[in-house]
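Please read the structure below before turning to the comments.
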Amino acid sequence: MRRGRDVAVVIFMSAFLTSRAQHSDVVLGDTLKEVTVTSRSAQKRVGEVQIGVEKVDIATLTKVPALFGEKDIIKSIQLLPGVKSENEVSGGYQVRGGKAAQNLILLDGATVYNAGHLMGLFSTFNDDALMSGSLYKGLVPAPLGGGTASVFDISTRSGDLHDYHYGGSIGLLSAKVVAEGPIRQDRSSFLVAGRRSYLDLFLKASDKYRDNTLHFYDANVRLNFRLSPNDVLSLSFFQGRDNMGLADMMNMEWGNTTATANWLHTFGDHHYANTKLLYSNFASDVGIDMLNIYYTMKGYIRHATMQHQQSWQAGCHHHLCFGMEATHLQLQSAEWDINLLHQRERRRALTGALWLGDDWTIGSRIELSAGMRLHLFSVLGGSPYYQIDGDGNITETTEEGSGRIVKTYADVEPRLSAKVMLNGQHSLKMGYSRTSQDIHAISGMSMSMPFDRYTMTSNIVSPEQADQVAAGWFYITPHGGYDFSAEAYYKNIRNVYDYRDGKAFYSEIEIERLILGGKGRAYGLELCAHKNSGPLTGWISYTLSWSENKIEGINGGRWYTASNDRRHDVAVVGIYQLSPAWELAATWRYNTGQALTAPSAKYDIDGTTFYYYNERNGYRAPAYHRLDLSATCTKTIGRFTRIWSFGIYNAYCRYNPFTIRFKNDDKSPTGTVTEQTSLFGIVPSVSFTLKY
């Protein structure tokens with residue numbers, strides 16, 4: 001097996017000036033929500049009624065070693081039990097047997113797709129702008145829906161109400177700026193954060209690569225206004241964009257735009273309401289010049305949503321939430337311009353949801369979080385709809401008028417989590433959840449890409465629906481120094497879609513002709529141990545899991561291993577306070593190799609070699625493992641804090657597989673050789689931070 005041994009050695013030098021003021025005022029914006037998601041204390045892990053939820057604190061993640069020294073909330077959650085990375089550069093992650101496209105990512109309530117810059121090398125989210133987040137691993141509260149694998153609910157920071165803070169960083173790969181402070185003292189605030197890479201400047205300095213393009217940018221803006229003692233308005237905006245080009249041969253652009261307006265009204269000490277207007281737009285544009293034929297593929301997914309929710313503390317035993325939302329959804333799966341030929345596929349829909357939830361305390365030991373969500377999806381006319389036979393041929397085409405309802409789906413989604421406190425240290429949790437999803441990403445690769453083809457629920461494509469049950473045991477030592485958890489889950493998925501054998505994403509404009517639907521199942525065990533006190537803190541997590549699909553017309557109609565199936569996944573995180581100034585950190589990852597489809601036989605026709613594939617995903621790539629190290633020195637002089645950070649990514653230079661290809665080789669006994677490509681060897685980094 002040949003390996004690409006291109007060792008990437010990048011020295012990341014930056015100066016960073018910022019201040020993270022601790023906000024004592026917790027009334028602005030949707031801060032009531034933020035307060036509930038920032039704690040990751042051991043007691044909360046044991047006492048939380050919701051099973052399958054991980055609370056993410058940005059301050060903790062900044063201590064974890066990262067590629068190129070860039071702090072990345074998406075890659076950091078991949079160190080948690082039940083969460084796996086697609087590969088070391090992808091921004092996609094897989095949760096409890098689900099693919100990356102089955103995760104719903106919300107930024108201040110607005111949907112974000114493909115949350116990674118440069119194919120996932122960097123996170124879409126700038127850590128300077130983030131407060132915290134909650135990752136729900138398939139068992140979600142009633143107000144959330146739209147992802148059958150997980151929901152990752154991320155909140156941005158509110159600006160400081162009292163003081164102004166400015167900062168910026170410049171490094172070898174990217175530059176960042178941040179500013180925050182009051183607009184009107186104690187009444188309103190702002191936060192602005194921006195980031196841009198300038199890898200394209202290095203390319204232009206080279207005669208060989210000067211015509212290539214490689215850069216990204218993102219920007220966050222948040223404004224908070226206290227309109228009255230009972231009313232707060234929060235406005236947030238995000239835009240991120242990538243541009244990659246190879247001379248005159250290929251150009252790829254993609255990115256997200258989101259906007260949120262949130263009005264918080266307080267009726268009293270125990271009753272408040274949130275009304276949100278949400279907009280999100282994910283767009284991709286790929287252009288390729290091949291044999292003097294230039295064609296482009298353009299796509300987008302647009303959400304325009306109105307949402308209203310009320311929360312009411314009904315006595316000391318019940319906390320009720322109820323609400324509704326409506327969304328106008330637009331999706332363009334492909335828009336191809338091949339010379340003068342123009343083809344497109346566009347779909348529109350109306351979605352709605354009603355929900356009711358109750359957190360119910362029963363005595364001193366039992367807590368329930370129960371809810372019901374009614375999900376509605378109406379397919380709208382204005383585009384052609386088809387009937388497809390078993391071979392993928394169109395047998396009938398109909399075209400309803402714009403705005404007319406073609407078909408409506410209604411799904412009832414019950415949600416239940418229960419916690420029993422056996423004593424002050426032990427708790428048992430169990431839960432059941434049904435979730436549905438109407439946006440389907442169809443990928444021909446083992447990792448998600450920004451130009452994957454998407455389709456939505458239609459007259460013949462049904463909503464994907466998942467039922468999950470889970471049970472777990474949680475324990476904390478008497479003084480909170482250690483805590484342990486064990487969770488087991490089983491998930492059954494309906495309407496799983498995959499490419500037909502021999503089909504690819506570009507072969508037909510009508511995506512329904514390329515795919516087949518079936519069912520899937522995933523089950524596993526997650527173990528985690530935390531050390532919470534002393535100079536050494538961190539955690540060890542282990543996940544044992546299975547993920548399988550069964551689709552008639554694929555793999556002979558038999559169950560086959562899903563592309564995201566990995567049997568074993570281990571993460572070890574250690575943070576050691578060596579002295580008041582020096583802090584050391586290390587992470588080690590191991591996982592079973594990716595499932596892949598290998599040729600079972602080959603044959604020649606007129607000198608051209610063709611491969612025959614008998615079993616879908618019947619083989620494994622080599623196992624993946626990697627050690628990352630970091631050391632941080634912090635010194636404070638007056639009002640200035642200086643931080644030097646040193647890091648080594650892939651410390652023992654393990655060349656892990658990125659892609660595996662099968663090539664014809666007449667000198668090999670089998671006539672075929674396997675070629676592995678790896679991306680990174682050892683990658684050192686160093687950065688300088690200055691805070692005021």
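Residues in the structure tokens are named by chain (A, B, ... in the order shown) and by number from 1 within that chain; ligands are numbered from 1 in the order shown.
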Members of segment 378-612 of chain A assigned strand (DSSP E) by DSSP, as JSON, numbers by chain: {"A": [378, 379, 380, 384, 385, 386, 387, 388, 394, 395, 396, 397, 398, 399, 405, 406, 407, 408, 409, 410, 411, 412, 413, 414, 415, 416, 417, 418, 419, 420, 421, 426, 427, 428, 429, 430, 431, 432, 433, 434, 435, 436, 437, 439, 440, 441, 442, 453, 454, 455, 456, 464, 465, 466, 467, 468, 469, 470, 471, 472, 473, 474, 475, 476, 482, 483, 484, 485, 486, 487, 488, 489, 490, 491, 492, 493, 494, 495, 496, 497, 498, 499, 515, 516, 517, 518, 519, 520, 521, 522, 523, 524, 525, 526, 527, 528, 529, 530, 531, 536, 537, 538, 539, 540, 541, 542, 543, 544, 545, 546, 547, 548, 549, 550, 560, 561, 568, 569, 570, 571, 572, 573, 574, 575, 576, 577, 582, 583, 584, 585, 586, 587, 588, 589, 590, 591, 595, 596, 601, 602, 603, 604, 605, 608, 609, 610, 611, 612]}
What lies within 10 Å of Val112 of chain A using only C-alpha atoms, ignoring chain neighbours under 5 positions off, as a PDB file with all heavy atoms, in the first residue's frame?
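Done, and the output landed in result17.pdb:
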ATOM      1  N   LEU A 104     -28.704  18.468  12.465  1.00  0.00           N
ATOM      2  CA  LEU A 104     -29.213  19.829  12.334  1.00  0.00           C
ATOM      3  C   LEU A 104     -28.339  20.751  13.162  1.00  0.00           C
ATOM      4  O   LEU A 104     -28.157  20.533  14.362  1.00  0.00           O
ATOM      5  CB  LEU A 104     -30.661  19.910  12.810  1.00  0.00           C
ATOM      6  CG  LEU A 104     -31.285  21.310  12.850  1.00  0.00           C
ATOM      7  CD1 LEU A 104     -31.404  21.894  11.440  1.00  0.00           C
ATOM      8  CD2 LEU A 104     -32.645  21.279  13.534  1.00  0.00           C
ATOM      9  N   ILE A 105     -27.754  21.774  12.525  1.00  0.00           N
ATOM     10  CA  ILE A 105     -26.925  22.757  13.211  1.00  0.00           C
ATOM     11  C   ILE A 105     -27.663  24.086  13.214  1.00  0.00           C
ATOM     12  O   ILE A 105     -28.046  24.596  12.147  1.00  0.00           O
ATOM     13  CB  ILE A 105     -25.555  22.904  12.533  1.00  0.00           C
ATOM     14  CG1 ILE A 105     -24.816  21.555  12.528  1.00  0.00           C
ATOM     15  CG2 ILE A 105     -24.708  23.954  13.243  1.00  0.00           C
ATOM     16  CD1 ILE A 105     -23.490  21.598  11.805  1.00  0.00           C
ATOM     17  N   LEU A 106     -27.879  24.642  14.402  1.00  0.00           N
ATOM     18  CA  LEU A 106     -28.591  25.908  14.560  1.00  0.00           C
ATOM     19  C   LEU A 106     -27.650  26.952  15.149  1.00  0.00           C
ATOM     20  O   LEU A 106     -26.986  26.690  16.162  1.00  0.00           O
ATOM     21  CB  LEU A 106     -29.805  25.735  15.476  1.00  0.00           C
ATOM     22  CG  LEU A 106     -30.865  24.724  15.053  1.00  0.00           C
ATOM     23  CD1 LEU A 106     -31.930  24.581  16.123  1.00  0.00           C
ATOM     24  CD2 LEU A 106     -31.502  25.127  13.720  1.00  0.00           C
ATOM     25  N   LEU A 107     -27.592  28.110  14.537  1.00  0.00           N
ATOM     26  CA  LEU A 107     -26.845  29.251  15.066  1.00  0.00           C
ATOM     27  C   LEU A 107     -27.850  30.331  15.424  1.00  0.00           C
ATOM     28  O   LEU A 107     -28.465  30.935  14.540  1.00  0.00           O
ATOM     29  CB  LEU A 107     -25.841  29.770  14.027  1.00  0.00           C
ATOM     30  CG  LEU A 107     -24.966  30.926  14.487  1.00  0.00           C
ATOM     31  CD1 LEU A 107     -24.051  30.492  15.630  1.00  0.00           C
ATOM     32  CD2 LEU A 107     -24.145  31.488  13.329  1.00  0.00           C
ATOM     33  N   THR A 124     -16.527  26.669  10.416  1.00  0.00           N
ATOM     34  CA  THR A 124     -17.295  27.826   9.948  1.00  0.00           C
ATOM     35  C   THR A 124     -17.446  28.868  11.046  1.00  0.00           C
ATOM     36  O   THR A 124     -17.569  30.059  10.771  1.00  0.00           O
ATOM     37  CB  THR A 124     -18.679  27.359   9.462  1.00  0.00           C
ATOM     38  OG1 THR A 124     -18.511  26.594   8.263  1.00  0.00           O
ATOM     39  CG2 THR A 124     -19.607  28.520   9.189  1.00  0.00           C
ATOM     40  N   PHE A 238     -24.972  36.354  10.489  1.00  0.00           N
ATOM     41  CA  PHE A 238     -23.766  35.594  10.190  1.00  0.00           C
ATOM     42  C   PHE A 238     -23.654  35.389   8.686  1.00  0.00           C
ATOM     43  O   PHE A 238     -24.655  35.139   7.998  1.00  0.00           O
ATOM     44  CB  PHE A 238     -23.794  34.220  10.869  1.00  0.00           C
ATOM     45  CG  PHE A 238     -22.749  33.270  10.340  1.00  0.00           C
ATOM     46  CD1 PHE A 238     -21.428  33.383  10.735  1.00  0.00           C
ATOM     47  CD2 PHE A 238     -23.094  32.284   9.428  1.00  0.00           C
ATOM     48  CE1 PHE A 238     -20.460  32.522  10.235  1.00  0.00           C
ATOM     49  CE2 PHE A 238     -22.137  31.419   8.925  1.00  0.00           C
ATOM     50  CZ  PHE A 238     -20.818  31.534   9.327  1.00  0.00           C
ATOM     51  N   GLY A 255     -21.261  28.809   0.760  1.00  0.00           N
ATOM     52  CA  GLY A 255     -21.309  29.537   2.022  1.00  0.00           C
ATOM     53  C   GLY A 255     -22.706  29.624   2.594  1.00  0.00           C
ATOM     54  O   GLY A 255     -23.702  29.244   1.962  1.00  0.00           O
ATOM     55  N   ASN A 256     -22.780  30.136   3.831  1.00  0.00           N
ATOM     56  CA  ASN A 256     -24.028  30.287   4.570  1.00  0.00           C
ATOM     57  C   ASN A 256     -24.260  31.749   4.915  1.00  0.00           C
ATOM     58  O   ASN A 256     -23.311  32.494   5.212  1.00  0.00           O
ATOM     59  CB  ASN A 256     -23.983  29.491   5.878  1.00  0.00           C
ATOM     60  CG  ASN A 256     -24.125  28.002   5.672  1.00  0.00           C
ATOM     61  OD1 ASN A 256     -25.236  27.480   5.584  1.00  0.00           O
ATOM     62  ND2 ASN A 256     -22.998  27.303   5.590  1.00  0.00           N
ATOM     63  N   THR A 257     -25.518  32.140   4.920  1.00  0.00           N
ATOM     64  CA  THR A 257     -25.955  33.432   5.433  1.00  0.00           C
ATOM     65  C   THR A 257     -27.137  33.186   6.362  1.00  0.00           C
ATOM     66  O   THR A 257     -28.083  32.487   5.980  1.00  0.00           O
ATOM     67  CB  THR A 257     -26.374  34.380   4.308  1.00  0.00           C
ATOM     68  OG1 THR A 257     -25.280  34.589   3.414  1.00  0.00           O
ATOM     69  CG2 THR A 257     -26.826  35.720   4.860  1.00  0.00           C
ATOM     70  N   THR A 258     -27.085  33.722   7.582  1.00  0.00           N
ATOM     71  CA  THR A 258     -28.199  33.579   8.509  1.00  0.00           C
ATOM     72  C   THR A 258     -28.508  34.923   9.146  1.00  0.00           C
ATOM     73  O   THR A 258     -27.625  35.777   9.296  1.00  0.00           O
ATOM     74  CB  THR A 258     -27.903  32.561   9.632  1.00  0.00           C
ATOM     75  OG1 THR A 258     -26.934  33.091  10.533  1.00  0.00           O
ATOM     76  CG2 THR A 258     -27.399  31.241   9.058  1.00  0.00           C
ATOM     77  N   SER A 280     -32.180  31.728   6.650  1.00  0.00           N
ATOM     78  CA  SER A 280     -30.892  31.103   6.351  1.00  0.00           C
ATOM     79  C   SER A 280     -30.834  30.754   4.876  1.00  0.00           C
ATOM     80  O   SER A 280     -31.859  30.419   4.261  1.00  0.00           O
ATOM     81  CB  SER A 280     -30.667  29.854   7.206  1.00  0.00           C
ATOM     82  OG  SER A 280     -31.563  28.813   6.843  1.00  0.00           O
ATOM     83  N   ASN A 281     -29.637  30.842   4.316  1.00  0.00           N
ATOM     84  CA  ASN A 281     -29.420  30.546   2.906  1.00  0.00           C
ATOM     85  C   ASN A 281     -28.065  29.877   2.752  1.00  0.00           C
ATOM     86  O   ASN A 281     -27.032  30.464   3.088  1.00  0.00           O
ATOM     87  CB  ASN A 281     -29.469  31.825   2.064  1.00  0.00           C
ATOM     88  CG  ASN A 281     -29.174  31.554   0.594  1.00  0.00           C
ATOM     89  OD1 ASN A 281     -29.521  30.505   0.069  1.00  0.00           O
ATOM     90  ND2 ASN A 281     -28.530  32.492  -0.072  1.00  0.00           N
ATOM     91  N   PHE A 282     -28.072  28.627   2.299  1.00  0.00           N
ATOM     92  CA  PHE A 282     -26.841  27.936   1.927  1.00  0.00           C
ATOM     93  C   PHE A 282     -26.794  27.855   0.410  1.00  0.00           C
ATOM     94  O   PHE A 282     -27.755  27.407  -0.228  1.00  0.00           O
ATOM     95  CB  PHE A 282     -26.785  26.528   2.524  1.00  0.00           C
ATOM     96  CG  PHE A 282     -25.663  25.692   1.958  1.00  0.00           C
ATOM     97  CD1 PHE A 282     -24.355  25.928   2.346  1.00  0.00           C
ATOM     98  CD2 PHE A 282     -25.919  24.699   1.025  1.00  0.00           C
ATOM     99  CE1 PHE A 282     -23.318  25.174   1.817  1.00  0.00           C
ATOM    100  CE2 PHE A 282     -24.892  23.935   0.491  1.00  0.00           C
ATOM    101  CZ  PHE A 282     -23.583  24.178   0.882  1.00  0.00           C
ATOM    102  N   ILE A 301     -30.292  26.155  -0.559  1.00  0.00           N
ATOM    103  CA  ILE A 301     -31.350  25.776   0.375  1.00  0.00           C
ATOM    104  C   ILE A 301     -31.666  27.022   1.192  1.00  0.00           C
ATOM    105  O   ILE A 301     -30.785  27.570   1.864  1.00  0.00           O
ATOM    106  CB  ILE A 301     -30.924  24.634   1.309  1.00  0.00           C
ATOM    107  CG1 ILE A 301     -30.393  23.442   0.516  1.00  0.00           C
ATOM    108  CG2 ILE A 301     -32.101  24.195   2.181  1.00  0.00           C
ATOM    109  CD1 ILE A 301     -29.802  22.355   1.388  1.00  0.00           C
TER     110      ILE A 301
END
Residues near Ala142 of chain A, cut-off 6 Å, only C-alpha atoms, skip fewer than 5 positions along chain, as a list of chain:residue names: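 Returned residues: A:Trp355, A:Gly357, A:Gly371, A:Met372, A:Arg373.
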Please produce an output containing N, CA, C and O atoms for each residue in the selection, written as a compact mmCIF listing (two decimals), in the first residue's frame.
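Writing done, so here's part11.txt:
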# COMPACT_ATOMS: atom_id res chain seq x y z
N TRP A 355 -45.89 22.24 19.19
CA TRP A 355 -45.31 21.38 20.21
C TRP A 355 -45.76 21.79 21.61
O TRP A 355 -46.15 22.93 21.86
N GLY A 357 -44.42 20.72 25.69
CA GLY A 357 -43.49 19.98 26.53
C GLY A 357 -43.69 20.32 28.00
O GLY A 357 -44.15 21.40 28.35
N GLY A 371 -42.89 15.40 25.97
CA GLY A 371 -43.38 16.35 24.98
C GLY A 371 -43.95 15.67 23.76
O GLY A 371 -43.75 14.47 23.54
N MET A 372 -44.65 16.46 22.97
CA MET A 372 -45.22 15.99 21.72
C MET A 372 -45.04 17.08 20.68
O MET A 372 -45.28 18.26 20.95
N ARG A 373 -44.60 16.68 19.49
CA ARG A 373 -44.39 17.62 18.39
C ARG A 373 -45.15 17.13 17.17
O ARG A 373 -45.00 15.98 16.75
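In this structure, atom CA of Leu264 of chain A sits 14.5 Å away from atom CA of Leu278 of chain A.
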Neighbour list for Met430 of chain A as a list of chain:residue names, cut-off 7 Å, only C-alpha atoms, skip fewer than 2 positions in-chain: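 In the requested format, the answer is A:Ile51, A:Ser417, A:Ala418, A:Lys419, A:Leu428, A:Ala470, A:Ala471, A:Gly472.
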Segment 523-531 of chain A environment, 10 Å, only C-alpha atoms, sequence neighbours closer than 2 positions dropped, as a PyMOL selection string: chain A and resi 42+80-83+96-97+468-476+480-492+521+533-534+536-548+567-575
Selected residue, from A:Arg513, A:Arg347, A:Lys550, A:His426, that lies nearest to Gly392 of chain A when counting only C-alpha atoms: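 Nearest to Gly392 of chain A: A:Arg513.
The environment of Arg241 of chain A within 8 Å, counting only C-alpha atoms and disregarding residues fewer than 2 places along the same chain, consists of A:His117, A:Phe216, A:Tyr217, A:Asp218, A:Gln239, A:Asn243, A:Glu253, A:Trp254, A:Gly255, A:Asn256.
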Write the residues of the preceding selection, restricted to N, CA and C atoms, as an mmCIF file, in the first residue's frame.
data_model
loop_
_atom_site.group_PDB
_atom_site.id
_atom_site.type_symbol
_atom_site.label_atom_id
_atom_site.label_comp_id
_atom_site.auth_asym_id
_atom_site.auth_seq_id
_atom_site.Cartn_x
_atom_site.Cartn_y
_atom_site.Cartn_z
ATOM 1 N N HIS A 117 -14.956 25.469 6.711
ATOM 2 C CA HIS A 117 -14.244 26.193 5.664
ATOM 3 C C HIS A 117 -13.209 25.269 5.015
ATOM 4 N N PHE A 216 -11.224 31.994 2.485
ATOM 5 C CA PHE A 216 -12.545 32.014 3.089
ATOM 6 C C PHE A 216 -12.662 33.248 3.969
ATOM 7 N N TYR A 217 -13.895 33.598 4.317
ATOM 8 C CA TYR A 217 -14.145 34.649 5.304
ATOM 9 C C TYR A 217 -15.430 34.321 6.044
ATOM 10 N N ASP A 218 -15.593 34.878 7.230
ATOM 11 C CA ASP A 218 -16.864 34.819 7.955
ATOM 12 C C ASP A 218 -16.997 36.060 8.822
ATOM 13 N N GLN A 239 -22.422 35.521 8.183
ATOM 14 C CA GLN A 239 -22.157 35.158 6.796
ATOM 15 C C GLN A 239 -20.770 34.536 6.706
ATOM 16 N N ASN A 243 -14.024 30.136 -1.313
ATOM 17 C CA ASN A 243 -13.736 30.210 -2.744
ATOM 18 C C ASN A 243 -12.482 29.395 -3.019
ATOM 19 N N GLU A 253 -17.454 27.719 -5.136
ATOM 20 C CA GLU A 253 -17.820 28.693 -4.118
ATOM 21 C C GLU A 253 -19.008 28.155 -3.331
ATOM 22 N N TRP A 254 -19.000 28.381 -2.022
ATOM 23 C CA TRP A 254 -20.127 27.982 -1.203
ATOM 24 C C TRP A 254 -20.115 28.788 0.085
ATOM 25 N N GLY A 255 -21.261 28.809 0.760
ATOM 26 C CA GLY A 255 -21.309 29.537 2.022
ATOM 27 C C GLY A 255 -22.706 29.624 2.594
ATOM 28 N N ASN A 256 -22.780 30.136 3.831
ATOM 29 C CA ASN A 256 -24.028 30.287 4.570
ATOM 30 C C ASN A 256 -24.260 31.749 4.915
#
Surrounding residues of segment 310-324 of chain A excluding itself and chain neighbours under 5 positions, 9 Å, only C-alpha atoms, as a ChimeraX atom specification: /A:142-143,269-275,352-363,371
Two-atom distance - atom CA of Pro580 of chain A, atom CA of Lys63 of chain A (Å):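 Atom CA of Lys63 of chain A lies at a distance of 15.0 Å from atom CA of Pro580 of chain A.
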Selected residue of minimal separation from His440 of chain A among A:Ala101, A:Leu331, A:Leu514, A:Val95, counting only C-alpha atoms: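 Using only C-alpha atoms, His440 of chain A sits closest to A:Ala101.
Candidate residues A:Met131, A:Val151, A:Val232, A:Ala304 were compared for distance to Leu191 of chain A, and the nearest is A:Met131, using only C-alpha atoms.
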